[in-house]
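Here's start-v7.tsv, which has TSV, C-alpha atoms:
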chain	number	residue	atom	x	y	z
A	1	MET	CA	64.89	117.11	100.74
A	2	SER	CA	66.93	116.90	97.53
A	3	ILE	CA	70.18	117.25	99.48
A	4	ASN	CA	69.38	114.11	101.50
A	5	THR	CA	68.42	112.22	98.36
A	6	THR	CA	71.64	113.23	96.62
A	7	SER	CA	73.69	112.32	99.68
A	8	GLN	CA	71.99	108.91	99.97
A	9	SER	CA	72.46	108.24	96.26
A	10	THR	CA	76.16	109.13	96.45
A	11	ARG	CA	76.60	106.84	99.46
A	12	ASN	CA	74.88	103.94	97.64
A	13	VAL	CA	77.15	104.37	94.61
A	14	SER	CA	80.20	104.44	96.90
A	15	ILE	CA	79.15	101.25	98.69
A	16	LEU	CA	78.43	99.52	95.38
A	17	SER	CA	81.81	100.60	94.05
A	18	GLN	CA	83.57	99.20	97.14
A	19	ARG	CA	81.72	95.89	96.85
A	20	LEU	CA	82.53	95.61	93.15
A	21	THR	CA	86.20	96.36	93.80
A	22	ALA	CA	86.33	93.72	96.55
A	23	ALA	CA	84.60	91.12	94.37
A	24	ILE	CA	86.92	91.70	91.41
A	25	SER	CA	89.97	91.61	93.68
A	26	ALA	CA	88.82	88.32	95.21
A	27	MET	CA	88.26	86.78	91.77
A	28	ILE	CA	91.70	87.83	90.57
A	29	LEU	CA	93.36	86.49	93.72
A	30	GLY	CA	91.45	83.20	93.44
A	31	ALA	CA	92.34	82.79	89.79
A	32	CYS	CA	96.02	83.41	90.56
A	33	LEU	CA	95.97	80.82	93.35
A	34	VAL	CA	94.24	78.21	91.19
A	35	TYR	CA	96.62	78.87	88.30
A	36	PHE	CA	99.66	78.66	90.59
A	37	ALA	CA	98.55	75.42	92.25
A	38	GLY	CA	97.27	73.78	89.08
A	39	PHE	CA	100.24	74.51	86.85
A	40	SER	CA	102.99	74.50	89.45
A	41	HIS	CA	106.14	72.58	88.62
A	42	ILE	CA	106.67	72.06	92.34
A	43	ASP	CA	105.25	68.59	92.92
A	44	ALA	CA	104.36	69.23	96.56
A	45	VAL	CA	102.15	72.22	95.67
A	46	HIS	CA	100.44	70.47	92.78
A	47	ASN	CA	99.86	67.25	94.76
A	48	ALA	CA	98.49	69.18	97.75
A	49	ALA	CA	95.95	70.92	95.51
A	50	HIS	CA	95.10	67.60	93.85
A	51	ASP	CA	94.62	65.81	97.17
A	52	THR	CA	92.47	68.68	98.44
A	53	ARG	CA	90.17	68.33	95.43
A	54	HIS	CA	89.81	64.61	96.09
A	55	SER	CA	89.19	65.06	99.81
A	56	SER	CA	86.32	67.45	99.08
A	57	ALA	CA	84.78	64.91	96.64
A	58	PHE	CA	85.44	67.20	93.65
A	59	PRO	CA	86.05	65.13	90.51
A	60	CYS	CA	89.19	66.25	88.75
A	61	HIS	CA	89.92	63.39	86.36

Represent the structure from my file as structure tokens, please.
Amino acid sequence: MSINTTSQSTRNVSILSQRLTAAISAMILGACLVYFAGFSHIDAVHNAAHDTRHSSAFPCH
């Protein structure tokens, strides 16, 4: 009985670790994309991000 409990506990920790890694990776990727689009010196990239915010009714001014 204790072997099954230990195995289940190890599996839960592994799944939690994978979810946490995926969540942190997604946040880092999202922050990099927002930073790139928001502070880009390329006008087309910055204007595309700005127009997207307006089209989704997100106030940015």

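Counting from CA of His46 (chain A), the distance to CA of Ala22 (chain A) is 27.5 Å.
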
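Taking CA of Ile24 (chain A) and CA of Ser55 (chain A) as the two end points, the separation is 28.0 Å.
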
Leaving out region 25-34 of chain A and any residue of its chain fewer than 5 positions from it, which residues lie within 12 Å of it when counting only C-alpha atoms, given as a ChimeraX atom specification? /A:18-20,39-40,45-46,48-50,53

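Interatomic distance, CA of Phe36 (chain A) against CA of Ser17 (chain A): 28.5 Å.
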
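Across A:Arg11, A:Asp51, A:Thr21, A:Leu16, the tightest approach to Ala37 (chain A) is made by A:Asp51 when counting all atoms listed in the file.
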
Using the partial input, fill out region 6-29 of chain A with N, CA and C atoms; write the result as an mmCIF file, in the coordinates of the input.
data_model
loop_
_atom_site.group_PDB
_atom_site.id
_atom_site.type_symbol
_atom_site.label_atom_id
_atom_site.label_comp_id
_atom_site.auth_asym_id
_atom_site.auth_seq_id
_atom_site.Cartn_x
_atom_site.Cartn_y
_atom_site.Cartn_z
ATOM 1 N N THR A 6 70.363 113.239 97.310
ATOM 2 C CA THR A 6 71.640 113.230 96.620
ATOM 3 C C THR A 6 72.714 112.581 97.483
ATOM 4 N N SER A 7 72.714 112.891 98.760
ATOM 5 C CA SER A 7 73.690 112.320 99.680
ATOM 6 C C SER A 7 73.515 110.809 99.787
ATOM 7 N N GLN A 8 72.279 110.343 99.879
ATOM 8 C CA GLN A 8 71.990 108.910 99.970
ATOM 9 C C GLN A 8 72.395 108.209 98.683
ATOM 10 N N SER A 9 72.113 108.821 97.549
ATOM 11 C CA SER A 9 72.460 108.240 96.260
ATOM 12 C C SER A 9 73.974 108.125 96.109
ATOM 13 N N THR A 10 74.696 109.146 96.520
ATOM 14 C CA THR A 10 76.160 109.130 96.450
ATOM 15 C C THR A 10 76.717 108.042 97.352
ATOM 16 N N ARG A 11 76.147 107.875 98.531
ATOM 17 C CA ARG A 11 76.600 106.840 99.460
ATOM 18 C C ARG A 11 76.348 105.449 98.885
ATOM 19 N N ASN A 12 75.190 105.244 98.243
ATOM 20 C CA ASN A 12 74.880 103.940 97.640
ATOM 21 C C ASN A 12 75.853 103.604 96.510
ATOM 22 N N VAL A 13 76.201 104.591 95.700
ATOM 23 C CA VAL A 13 77.150 104.370 94.610
ATOM 24 C C VAL A 13 78.515 104.035 95.190
ATOM 25 N N SER A 14 78.906 104.707 96.263
ATOM 26 C CA SER A 14 80.200 104.440 96.900
ATOM 27 C C SER A 14 80.259 103.028 97.464
ATOM 28 N N ILE A 15 79.199 102.600 98.129
ATOM 29 C CA ILE A 15 79.150 101.250 98.690
ATOM 30 C C ILE A 15 79.179 100.209 97.574
ATOM 31 N N LEU A 16 78.440 100.434 96.518
ATOM 32 C CA LEU A 16 78.430 99.520 95.380
ATOM 33 C C LEU A 16 79.806 99.440 94.739
ATOM 34 N N SER A 17 80.468 100.570 94.614
ATOM 35 C CA SER A 17 81.810 100.600 94.050
ATOM 36 C C SER A 17 82.790 99.811 94.914
ATOM 37 N N GLN A 18 82.690 99.939 96.224
ATOM 38 C CA GLN A 18 83.570 99.200 97.140
ATOM 39 C C GLN A 18 83.305 97.703 97.036
ATOM 40 N N ARG A 19 82.056 97.308 96.964
ATOM 41 C CA ARG A 19 81.720 95.890 96.850
ATOM 42 C C ARG A 19 82.221 95.315 95.523
ATOM 43 N N LEU A 20 82.069 96.059 94.464
ATOM 44 C CA LEU A 20 82.530 95.610 93.150
ATOM 45 C C LEU A 20 84.044 95.471 93.137
ATOM 46 N N THR A 21 84.746 96.430 93.719
ATOM 47 C CA THR A 21 86.200 96.360 93.800
ATOM 48 C C THR A 21 86.640 95.145 94.602
ATOM 49 N N ALA A 22 85.987 94.876 95.725
ATOM 50 C CA ALA A 22 86.330 93.720 96.550
ATOM 51 C C ALA A 22 86.052 92.415 95.813
ATOM 52 N N ALA A 23 84.946 92.342 95.097
ATOM 53 C CA ALA A 23 84.600 91.120 94.370
ATOM 54 C C ALA A 23 85.592 90.854 93.242
ATOM 55 N N ILE A 24 85.956 91.872 92.506
ATOM 56 C CA ILE A 24 86.920 91.700 91.410
ATOM 57 C C ILE A 24 88.285 91.313 91.958
ATOM 58 N N SER A 25 88.685 91.948 93.055
ATOM 59 C CA SER A 25 89.970 91.610 93.680
ATOM 60 C C SER A 25 89.990 90.158 94.148
ATOM 61 N N ALA A 26 88.901 89.706 94.740
ATOM 62 C CA ALA A 26 88.820 88.320 95.210
ATOM 63 C C ALA A 26 88.870 87.342 94.043
ATOM 64 N N MET A 27 88.217 87.668 92.945
ATOM 65 C CA MET A 27 88.260 86.780 91.770
ATOM 66 C C MET A 27 89.655 86.707 91.177
ATOM 67 N N ILE A 28 90.336 87.832 91.106
ATOM 68 C CA ILE A 28 91.700 87.830 90.570
ATOM 69 C C ILE A 28 92.628 87.032 91.469
ATOM 70 N N LEU A 29 92.531 87.236 92.779
ATOM 71 C CA LEU A 29 93.360 86.490 93.720
ATOM 72 C C LEU A 29 93.073 84.993 93.621
#
